[in-house]
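Asks: Shown below is the structure under consideration.
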Amino acid sequence: MEYSDDLLRDVLTRTKRVAVVGVSMNPVRASYFVARYLGLRGFDVVPVNPRHAGDVLFGKTIVGALSEIEGGADMVDIFRRSEAVPEIVEEALAHFPDLQTIWMQIGVKHAEAAALAQARGITVIQDRCPKIEYQRLFGELRRGGFATGVISSKL
């Protein structure tokens, strides 16, 4: 799926609060370092994982479900298998009246769930990573390198 740089930049600029569904407490997992990275970039990250509900990650209490988040979220970032997406999207639509974006991580796609969210005026991005896009669009990727968990100090 193709998305314009302008669209991706707009989403990453307007987003303030991100619910990361499927966040891991394991620092080698992508969901961990993406959530950590977003938090370090100033996003208010709300970690969501029923297996770790009540634990603390990055100074935030992990919640078990989107419905437990008070104050809503601008974006829901999904680190779950594609077949889990419809339930997550339905929960997000039911509980976040001001939701702006559904973002499905690399390898995660679901056309019907995307269409449902888009019909409600929500931007949907599939099969992409906000960390990689942020680094690429805002000049944090090392020249000649690739996106890793490390941020170059030579900008």
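To be explicit about the labels: the chains of the structure tokens are called A, B, and onward in the order shown, and within each one the residues are counted from 1, while ligands get numbers from 1 in the order they are shown.
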Could you go through region 5-151 of chain A and tell me which residues DSSP, when run on the backbone, assigns to alpha helix (DSSP H), listing them as a PyMOL selection string?

Replies: chain A and resi 5-14+30-40+85-95+111-119+130-137

Asks: Quick one: everything within 9 Å of Ser24 (chain A), counting only C-alpha atoms, minus sequence neighbours fewer than 5 positions away in the same chain. Send it as a list in words.

Replies: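 Answer for this query is Arg29, Ala30, Ser31, Tyr32, Phe33, Pro47, Val48, Asn49 and His52 of chain A.
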
Asks: With all heavy atoms retained, could you export that selection as a PDB file, in the first residue's frame?

Replies:
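For reference, again_23.pdb as written:
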ATOM      1  N   ARG A  29      11.697  -7.025  21.339  1.00  0.00           N
ATOM      2  CA  ARG A  29      10.511  -7.086  20.478  1.00  0.00           C
ATOM      3  C   ARG A  29      10.238  -5.720  19.870  1.00  0.00           C
ATOM      4  O   ARG A  29      10.410  -4.681  20.505  1.00  0.00           O
ATOM      5  CB  ARG A  29       9.275  -7.518  21.284  1.00  0.00           C
ATOM      6  CG  ARG A  29       9.365  -8.885  21.945  1.00  0.00           C
ATOM      7  CD  ARG A  29       9.372 -10.036  20.956  1.00  0.00           C
ATOM      8  NE  ARG A  29       8.246 -10.024  20.075  1.00  0.00           N
ATOM      9  CZ  ARG A  29       7.173 -10.808  20.194  1.00  0.00           C
ATOM     10  NH1 ARG A  29       7.103 -11.667  21.188  1.00  0.00           N
ATOM     11  NH2 ARG A  29       6.192 -10.728  19.326  1.00  0.00           N
ATOM     12  N   ALA A  30       9.803  -5.727  18.621  1.00  0.00           N
ATOM     13  CA  ALA A  30       9.533  -4.476  17.900  1.00  0.00           C
ATOM     14  C   ALA A  30       8.519  -3.610  18.639  1.00  0.00           C
ATOM     15  O   ALA A  30       8.675  -2.390  18.703  1.00  0.00           O
ATOM     16  CB  ALA A  30       9.053  -4.769  16.485  1.00  0.00           C
ATOM     17  N   SER A  31       7.486  -4.213  19.205  1.00  0.00           N
ATOM     18  CA  SER A  31       6.458  -3.412  19.878  1.00  0.00           C
ATOM     19  C   SER A  31       7.025  -2.658  21.074  1.00  0.00           C
ATOM     20  O   SER A  31       6.566  -1.568  21.404  1.00  0.00           O
ATOM     21  CB  SER A  31       5.283  -4.286  20.308  1.00  0.00           C
ATOM     22  OG  SER A  31       5.698  -5.272  21.230  1.00  0.00           O
ATOM     23  N   TYR A  32       8.031  -3.211  21.717  1.00  0.00           N
ATOM     24  CA  TYR A  32       8.692  -2.537  22.842  1.00  0.00           C
ATOM     25  C   TYR A  32       9.466  -1.323  22.342  1.00  0.00           C
ATOM     26  O   TYR A  32       9.281  -0.205  22.801  1.00  0.00           O
ATOM     27  CB  TYR A  32       9.629  -3.508  23.567  1.00  0.00           C
ATOM     28  CG  TYR A  32      10.437  -2.873  24.676  1.00  0.00           C
ATOM     29  CD1 TYR A  32      10.006  -2.967  25.998  1.00  0.00           C
ATOM     30  CD2 TYR A  32      11.623  -2.199  24.424  1.00  0.00           C
ATOM     31  CE1 TYR A  32      10.751  -2.395  27.029  1.00  0.00           C
ATOM     32  CE2 TYR A  32      12.365  -1.624  25.445  1.00  0.00           C
ATOM     33  CZ  TYR A  32      11.925  -1.731  26.748  1.00  0.00           C
ATOM     34  OH  TYR A  32      12.651  -1.162  27.760  1.00  0.00           O
ATOM     35  N   PHE A  33      10.373  -1.560  21.365  1.00  0.00           N
ATOM     36  CA  PHE A  33      11.229  -0.435  20.989  1.00  0.00           C
ATOM     37  C   PHE A  33      10.511   0.609  20.164  1.00  0.00           C
ATOM     38  O   PHE A  33      10.866   1.777  20.192  1.00  0.00           O
ATOM     39  CB  PHE A  33      12.587  -0.854  20.418  1.00  0.00           C
ATOM     40  CG  PHE A  33      12.622  -1.627  19.148  1.00  0.00           C
ATOM     41  CD1 PHE A  33      12.433  -1.015  17.922  1.00  0.00           C
ATOM     42  CD2 PHE A  33      12.884  -2.984  19.172  1.00  0.00           C
ATOM     43  CE1 PHE A  33      12.512  -1.733  16.746  1.00  0.00           C
ATOM     44  CE2 PHE A  33      12.967  -3.708  17.994  1.00  0.00           C
ATOM     45  CZ  PHE A  33      12.772  -3.081  16.781  1.00  0.00           C
ATOM     46  N   PRO A  47       0.400   1.971  26.772  1.00  0.00           N
ATOM     47  CA  PRO A  47       0.643   0.564  26.451  1.00  0.00           C
ATOM     48  C   PRO A  47      -0.595  -0.295  26.726  1.00  0.00           C
ATOM     49  O   PRO A  47      -1.235  -0.154  27.774  1.00  0.00           O
ATOM     50  CB  PRO A  47       1.809   0.185  27.361  1.00  0.00           C
ATOM     51  CG  PRO A  47       1.792   1.176  28.473  1.00  0.00           C
ATOM     52  CD  PRO A  47       1.093   2.403  27.977  1.00  0.00           C
ATOM     53  N   VAL A  48      -0.923  -1.172  25.757  1.00  0.00           N
ATOM     54  CA  VAL A  48      -2.102  -2.031  25.875  1.00  0.00           C
ATOM     55  C   VAL A  48      -1.695  -3.477  25.638  1.00  0.00           C
ATOM     56  O   VAL A  48      -1.185  -3.823  24.567  1.00  0.00           O
ATOM     57  CB  VAL A  48      -3.188  -1.636  24.842  1.00  0.00           C
ATOM     58  CG1 VAL A  48      -4.437  -2.510  25.015  1.00  0.00           C
ATOM     59  CG2 VAL A  48      -3.534  -0.160  24.941  1.00  0.00           C
ATOM     60  N   ASN A  49      -1.920  -4.324  26.661  1.00  0.00           N
ATOM     61  CA  ASN A  49      -1.663  -5.755  26.532  1.00  0.00           C
ATOM     62  C   ASN A  49      -2.313  -6.453  27.719  1.00  0.00           C
ATOM     63  O   ASN A  49      -1.886  -6.255  28.861  1.00  0.00           O
ATOM     64  CB  ASN A  49      -0.158  -6.050  26.499  1.00  0.00           C
ATOM     65  CG  ASN A  49       0.135  -7.504  26.200  1.00  0.00           C
ATOM     66  OD1 ASN A  49      -0.579  -8.400  26.634  1.00  0.00           O
ATOM     67  ND2 ASN A  49       1.203  -7.743  25.458  1.00  0.00           N
ATOM     68  N   HIS A  52      -0.169  -8.243  30.389  1.00  0.00           N
ATOM     69  CA  HIS A  52       0.690  -7.447  31.276  1.00  0.00           C
ATOM     70  C   HIS A  52      -0.077  -6.316  31.971  1.00  0.00           C
ATOM     71  O   HIS A  52       0.543  -5.404  32.528  1.00  0.00           O
ATOM     72  CB  HIS A  52       1.861  -6.858  30.482  1.00  0.00           C
ATOM     73  CG  HIS A  52       2.718  -7.897  29.846  1.00  0.00           C
ATOM     74  ND1 HIS A  52       3.507  -8.769  30.563  1.00  0.00           N
ATOM     75  CD2 HIS A  52       2.893  -8.229  28.535  1.00  0.00           C
ATOM     76  CE1 HIS A  52       4.138  -9.580  29.740  1.00  0.00           C
ATOM     77  NE2 HIS A  52       3.790  -9.279  28.506  1.00  0.00           N
TER      78      HIS A  52
END

Asks: Please report, as JSON lines, each residue of region 103-125 of chain A lying at most 12 Å from region 3-11 of chain A, together with the nearest pair of atoms and the separation in Å rounded to one decimal; use only C-alpha atoms, and order rows by chain and ascending residue number.

Replies:
{"residue": "A:Trp103", "atom": "CA", "partner": "A:Val11", "partner_atom": "CA", "distance": 9.8}
{"residue": "A:Ile122", "atom": "CA", "partner": "A:Val11", "partner_atom": "CA", "distance": 10.8}
{"residue": "A:Thr123", "atom": "CA", "partner": "A:Val11", "partner_atom": "CA", "distance": 8.2}
{"residue": "A:Val124", "atom": "CA", "partner": "A:Val11", "partner_atom": "CA", "distance": 9.9}
{"residue": "A:Ile125", "atom": "CA", "partner": "A:Tyr3", "partner_atom": "CA", "distance": 7.8}

Asks: What does the structure give for the distance between CA of Val46 (chain A) and CA of Lys60 (chain A), in Å to one decimal?

Replies: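 Separation of CA of Val46 (chain A) and CA of Lys60 (chain A): 7.0 Å.
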
Asks: Any idea what's packed within 7 Å of region 126-132 of chain A, counting only C-alpha atoms, ignoring anything in its chain fewer than 5 positions away? Could you give it as a list of chain:residue names?

Replies: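 Listing them by chain and then by number gives A:Val34, A:Tyr37, A:Leu38, A:Trp103, A:Met104, A:Gln105, A:Ile106, A:Gly107, A:Val108, A:Lys109, A:Ala147.
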
Asks: Give me the residues within 10 Å of Val56 (chain A) as a list in words, counting only C-alpha atoms and dropping any in the same chain fewer than 6 places off.

Replies: Met25, Pro47, Ile62 and Val63 of chain A

Asks: Which one is closest to Glu70 (chain A): A:Arg17, A:Ile88, A:Gly22, A:Ala119? Count only C-alpha atoms.

Replies: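 The shortest atom-to-atom distance to Glu70 (chain A) comes from A:Arg17.
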